[in-house]
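A.B. asks: This is the structure I have questions about; it appears just below.
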Amino acid sequence: MTFDYWKKEVAMTLEELSARTEIHDVLLRYCRGLDRIDMSLVSGAFHKDADIQFPESLHKGSGDGFVKFLAAEMPRFVRTMHFLGNSLIEFDGPEVAYVETYLQADHQGSELHHWKGEYVKLWARYFDRFERRDGVWLIAQRRLMVDWMYRYPATGWFDDHPDASVSHRGKGTDPVLRKVAGFHGKPT
């Protein structure tokens, strides 16, 4: 393969690089919304007519119904951490992208959750169809594929730094939620 071939056939345009960044940011804001119980961030990841296909016991149906499910479900956890790994973005033209994203998610159920204080780790993948509508990339379809789960023993967990471990979940007080000026110095 010559350099000329790479420039013509493989090099990404600024438009494609920008689209990839926008798609990745949507995924990150979604996870922040889950872990901070900020349903405006979660719902902001989806087009209004989004279709969600999670396991039957969780949610199958509209994006609005999914956000309502999460608004009831997420406060039942003491804490969660959703960590995204590999993310492969494949474009089907300039308005559609198919995205597979690996996920590891840690959950500690409260006494209100059916896990009753247990710690559960999930290894899974999101299969998303992103669509750009009116210049904005959001999820139009989402499917969750669970690869496996692990329930940790309840003993052995500890918090050696309680002053740094204060939960801000659902309170809107997490320091990371502060407003910042943005790239061009304009408030976001």
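Residue numbering restarts at 1 in every chain; chains get A, B, ... in the order shown in the structure tokens, and ligands count up from 1 in that same order.
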Leaving out Val42 (chain A) and any residue of its chain fewer than 6 positions from it, which residues lie within 10 Å of it when counting only C-alpha atoms, given as a ChimeraX atom specification?

C.D. replies: /A:26-36,63,66-67,70-71

A.B. asks: Those residues you just picked out, can you put them in a file as a PDB file, in the first residue's frame with C-alpha atoms?

C.D. replies:
ATOM      1  CA  VAL A  26     -23.025  11.238  23.342  1.00  0.00           C
ATOM      2  CA  LEU A  27     -21.949   7.863  24.761  1.00  0.00           C
ATOM      3  CA  LEU A  28     -19.947   9.525  27.540  1.00  0.00           C
ATOM      4  CA  ARG A  29     -22.750  11.915  28.531  1.00  0.00           C
ATOM      5  CA  TYR A  30     -25.163   8.958  28.669  1.00  0.00           C
ATOM      6  CA  CYS A  31     -22.893   7.155  31.153  1.00  0.00           C
ATOM      7  CA  ARG A  32     -22.417  10.285  33.233  1.00  0.00           C
ATOM      8  CA  GLY A  33     -26.190  10.654  33.342  1.00  0.00           C
ATOM      9  CA  LEU A  34     -26.608   7.070  34.568  1.00  0.00           C
ATOM     10  CA  ASP A  35     -23.999   7.370  37.315  1.00  0.00           C
ATOM     11  CA  ARG A  36     -25.188  10.810  38.490  1.00  0.00           C
ATOM     12  CA  GLY A  63     -36.689   5.822  24.446  1.00  0.00           C
ATOM     13  CA  PHE A  66     -36.552   3.592  28.815  1.00  0.00           C
ATOM     14  CA  VAL A  67     -35.731   6.886  30.525  1.00  0.00           C
ATOM     15  CA  LEU A  70     -34.040   4.276  34.462  1.00  0.00           C
ATOM     16  CA  ALA A  71     -35.430   7.180  36.509  1.00  0.00           C
TER      17      ALA A  71
END

A.B. asks: Which residues, written as a PyMOL selection string, have at least one atom at most 9 Å from Pro55 (chain A), with only C-alpha atoms counted and residues fewer than 2 positions away on the same chain left out?

C.D. replies: chain A and resi 53+57-60+143-146

A.B. asks: Can those selected residues be exported to a file as a PDB file, in the first residue's frame so that it contains N, CA and C atoms?

C.D. replies:
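This went into selection_31.pdb:
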ATOM      1  N   GLN A  53     -33.847  -1.883  22.821  1.00  0.00           N
ATOM      2  CA  GLN A  53     -34.008  -3.333  22.955  1.00  0.00           C
ATOM      3  C   GLN A  53     -33.027  -3.846  23.998  1.00  0.00           C
ATOM      4  N   SER A  57     -36.532  -8.335  30.810  1.00  0.00           N
ATOM      5  CA  SER A  57     -36.768  -8.008  32.216  1.00  0.00           C
ATOM      6  C   SER A  57     -36.457  -6.541  32.535  1.00  0.00           C
ATOM      7  N   LEU A  58     -35.799  -5.841  31.616  1.00  0.00           N
ATOM      8  CA  LEU A  58     -35.465  -4.442  31.846  1.00  0.00           C
ATOM      9  C   LEU A  58     -36.361  -3.514  31.022  1.00  0.00           C
ATOM     10  N   HIS A  59     -36.142  -3.464  29.710  1.00  0.00           N
ATOM     11  CA  HIS A  59     -36.982  -2.593  28.883  1.00  0.00           C
ATOM     12  C   HIS A  59     -36.840  -2.935  27.410  1.00  0.00           C
ATOM     13  N   LYS A  60     -37.964  -3.020  26.759  1.00  0.00           N
ATOM     14  CA  LYS A  60     -38.036  -3.090  25.305  1.00  0.00           C
ATOM     15  C   LYS A  60     -39.089  -2.083  24.883  1.00  0.00           C
ATOM     16  N   ARG A 143     -29.378  -1.568  21.394  1.00  0.00           N
ATOM     17  CA  ARG A 143     -29.538  -2.946  21.862  1.00  0.00           C
ATOM     18  C   ARG A 143     -28.409  -3.238  22.841  1.00  0.00           C
ATOM     19  N   LEU A 144     -28.725  -3.894  23.937  1.00  0.00           N
ATOM     20  CA  LEU A 144     -27.727  -4.302  24.924  1.00  0.00           C
ATOM     21  C   LEU A 144     -27.523  -5.803  24.819  1.00  0.00           C
ATOM     22  N   MET A 145     -26.279  -6.210  24.647  1.00  0.00           N
ATOM     23  CA  MET A 145     -25.920  -7.627  24.652  1.00  0.00           C
ATOM     24  C   MET A 145     -25.058  -7.877  25.884  1.00  0.00           C
ATOM     25  N   VAL A 146     -25.556  -8.673  26.812  1.00  0.00           N
ATOM     26  CA  VAL A 146     -24.817  -8.983  28.038  1.00  0.00           C
ATOM     27  C   VAL A 146     -23.924 -10.187  27.764  1.00  0.00           C
TER      28      VAL A 146
END

A.B. asks: Write out as a VMD selection string the set of residues from region 32-147 of chain A that DSSP, computed on the backbone, places in strand (DSSP E).

C.D. replies: chain A and resid 46 to 53 60 to 62 77 to 91 96 to 109 119 to 133 136 to 147

A.B. asks: Emit the selected residues as a PDB file, in the first residue's frame, including C-alpha atoms.

C.D. replies:
ATOM      1  CA  PHE A  46     -31.561   9.565  22.181  1.00  0.00           C
ATOM      2  CA  HIS A  47     -33.718  10.803  19.345  1.00  0.00           C
ATOM      3  CA  LYS A  48     -37.340  11.293  20.467  1.00  0.00           C
ATOM      4  CA  ASP A  49     -38.470   8.225  18.487  1.00  0.00           C
ATOM      5  CA  ALA A  50     -35.589   5.973  19.627  1.00  0.00           C
ATOM      6  CA  ASP A  51     -36.172   2.229  19.938  1.00  0.00           C
ATOM      7  CA  ILE A  52     -34.518   0.435  22.869  1.00  0.00           C
ATOM      8  CA  GLN A  53     -34.008  -3.333  22.955  1.00  0.00           C
ATOM      9  CA  LYS A  60     -38.036  -3.090  25.305  1.00  0.00           C
ATOM     10  CA  GLY A  61     -39.703  -0.159  23.577  1.00  0.00           C
ATOM     11  CA  SER A  62     -39.514   3.596  23.313  1.00  0.00           C
ATOM     12  CA  PHE A  77     -28.417   1.594  43.596  1.00  0.00           C
ATOM     13  CA  VAL A  78     -26.056   2.875  46.265  1.00  0.00           C
ATOM     14  CA  ARG A  79     -23.512   3.518  43.532  1.00  0.00           C
ATOM     15  CA  THR A  80     -22.781   2.681  39.923  1.00  0.00           C
ATOM     16  CA  MET A  81     -19.882   3.195  37.551  1.00  0.00           C
ATOM     17  CA  HIS A  82     -20.314   2.708  33.816  1.00  0.00           C
ATOM     18  CA  PHE A  83     -17.013   2.437  31.993  1.00  0.00           C
ATOM     19  CA  LEU A  84     -16.838   2.365  28.197  1.00  0.00           C
ATOM     20  CA  GLY A  85     -14.071   0.525  26.382  1.00  0.00           C
ATOM     21  CA  ASN A  86     -13.584  -0.257  22.710  1.00  0.00           C
ATOM     22  CA  SER A  87     -15.955   1.606  20.448  1.00  0.00           C
ATOM     23  CA  LEU A  88     -16.083   0.796  16.744  1.00  0.00           C
ATOM     24  CA  ILE A  89     -17.912   3.383  14.634  1.00  0.00           C
ATOM     25  CA  GLU A  90     -18.843   2.381  11.109  1.00  0.00           C
ATOM     26  CA  PHE A  91     -20.598   4.895   8.856  1.00  0.00           C
ATOM     27  CA  VAL A  96     -26.043   6.971   9.785  1.00  0.00           C
ATOM     28  CA  ALA A  97     -23.440   5.199  11.925  1.00  0.00           C
ATOM     29  CA  TYR A  98     -23.463   1.736  13.463  1.00  0.00           C
ATOM     30  CA  VAL A  99     -21.587   1.700  16.753  1.00  0.00           C
ATOM     31  CA  GLU A 100     -20.506  -1.236  18.915  1.00  0.00           C
ATOM     32  CA  THR A 101     -19.230  -0.155  22.335  1.00  0.00           C
ATOM     33  CA  TYR A 102     -17.872  -2.413  25.058  1.00  0.00           C
ATOM     34  CA  LEU A 103     -19.140  -1.710  28.553  1.00  0.00           C
ATOM     35  CA  GLN A 104     -18.176  -2.641  32.095  1.00  0.00           C
ATOM     36  CA  ALA A 105     -20.632  -1.504  34.717  1.00  0.00           C
ATOM     37  CA  ASP A 106     -20.354  -1.874  38.491  1.00  0.00           C
ATOM     38  CA  HIS A 107     -23.469  -1.688  40.650  1.00  0.00           C
ATOM     39  CA  GLN A 108     -24.125  -1.827  44.382  1.00  0.00           C
ATOM     40  CA  GLY A 109     -27.768  -2.541  45.011  1.00  0.00           C
ATOM     41  CA  TYR A 119     -22.141  -5.793  44.213  1.00  0.00           C
ATOM     42  CA  VAL A 120     -22.639  -6.887  40.617  1.00  0.00           C
ATOM     43  CA  LYS A 121     -20.349  -6.334  37.636  1.00  0.00           C
ATOM     44  CA  LEU A 122     -21.659  -6.466  34.109  1.00  0.00           C
ATOM     45  CA  TRP A 123     -19.623  -6.996  30.949  1.00  0.00           C
ATOM     46  CA  ALA A 124     -21.689  -6.097  27.929  1.00  0.00           C
ATOM     47  CA  ARG A 125     -21.848  -4.325  24.580  1.00  0.00           C
ATOM     48  CA  TYR A 126     -24.086  -1.604  23.274  1.00  0.00           C
ATOM     49  CA  PHE A 127     -25.113  -1.968  19.622  1.00  0.00           C
ATOM     50  CA  ASP A 128     -26.303   1.449  18.523  1.00  0.00           C
ATOM     51  CA  ARG A 129     -27.615   2.972  15.341  1.00  0.00           C
ATOM     52  CA  PHE A 130     -26.764   6.659  15.451  1.00  0.00           C
ATOM     53  CA  GLU A 131     -28.459   9.060  13.086  1.00  0.00           C
ATOM     54  CA  ARG A 132     -27.593  12.643  12.329  1.00  0.00           C
ATOM     55  CA  ARG A 133     -30.781  14.685  12.200  1.00  0.00           C
ATOM     56  CA  VAL A 136     -27.072  16.393  15.598  1.00  0.00           C
ATOM     57  CA  TRP A 137     -25.861  12.815  16.154  1.00  0.00           C
ATOM     58  CA  LEU A 138     -28.034  10.852  18.619  1.00  0.00           C
ATOM     59  CA  ILE A 139     -29.005   7.224  19.184  1.00  0.00           C
ATOM     60  CA  ALA A 140     -31.960   6.057  17.091  1.00  0.00           C
ATOM     61  CA  GLN A 141     -31.757   2.383  18.106  1.00  0.00           C
ATOM     62  CA  ARG A 142     -29.976   0.705  21.002  1.00  0.00           C
ATOM     63  CA  ARG A 143     -29.538  -2.946  21.862  1.00  0.00           C
ATOM     64  CA  LEU A 144     -27.727  -4.302  24.924  1.00  0.00           C
ATOM     65  CA  MET A 145     -25.920  -7.627  24.652  1.00  0.00           C
ATOM     66  CA  VAL A 146     -24.817  -8.983  28.038  1.00  0.00           C
ATOM     67  CA  ASP A 147     -21.689 -11.096  27.741  1.00  0.00           C
TER      68      ASP A 147
END

A.B. asks: According to DSSP computed on the backbone, where in region 15-172 of chain A is there helix (DSSP H, G or I)? Give the residues as a count of residues only.

C.D. replies: 44

A.B. asks: Record the distance separating CA of Met74 (chain A) and CA of Pro153 (chain A), expressed in Å with one decimal.

C.D. replies: 21.4 Å

A.B. asks: Tell me, in Å to one decimal, how far CA of Asp134 (chain A) is from CA of Asp38 (chain A).

C.D. replies: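 A separation of 24.5 Å between them.
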
A.B. asks: Could you please determine the separation between CA of Met39 (chain A) and CA of Lys68 (chain A) in Å, to one decimal place?

C.D. replies: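 Separation of CA of Met39 (chain A) and CA of Lys68 (chain A): 8.6 Å.
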
A.B. asks: Which of these residues is nearest to Glu118 (chain A), using only C-alpha atoms: A:Lys171, A:Ala154, A:Gly93, A:Gly135?

C.D. replies: A:Ala154
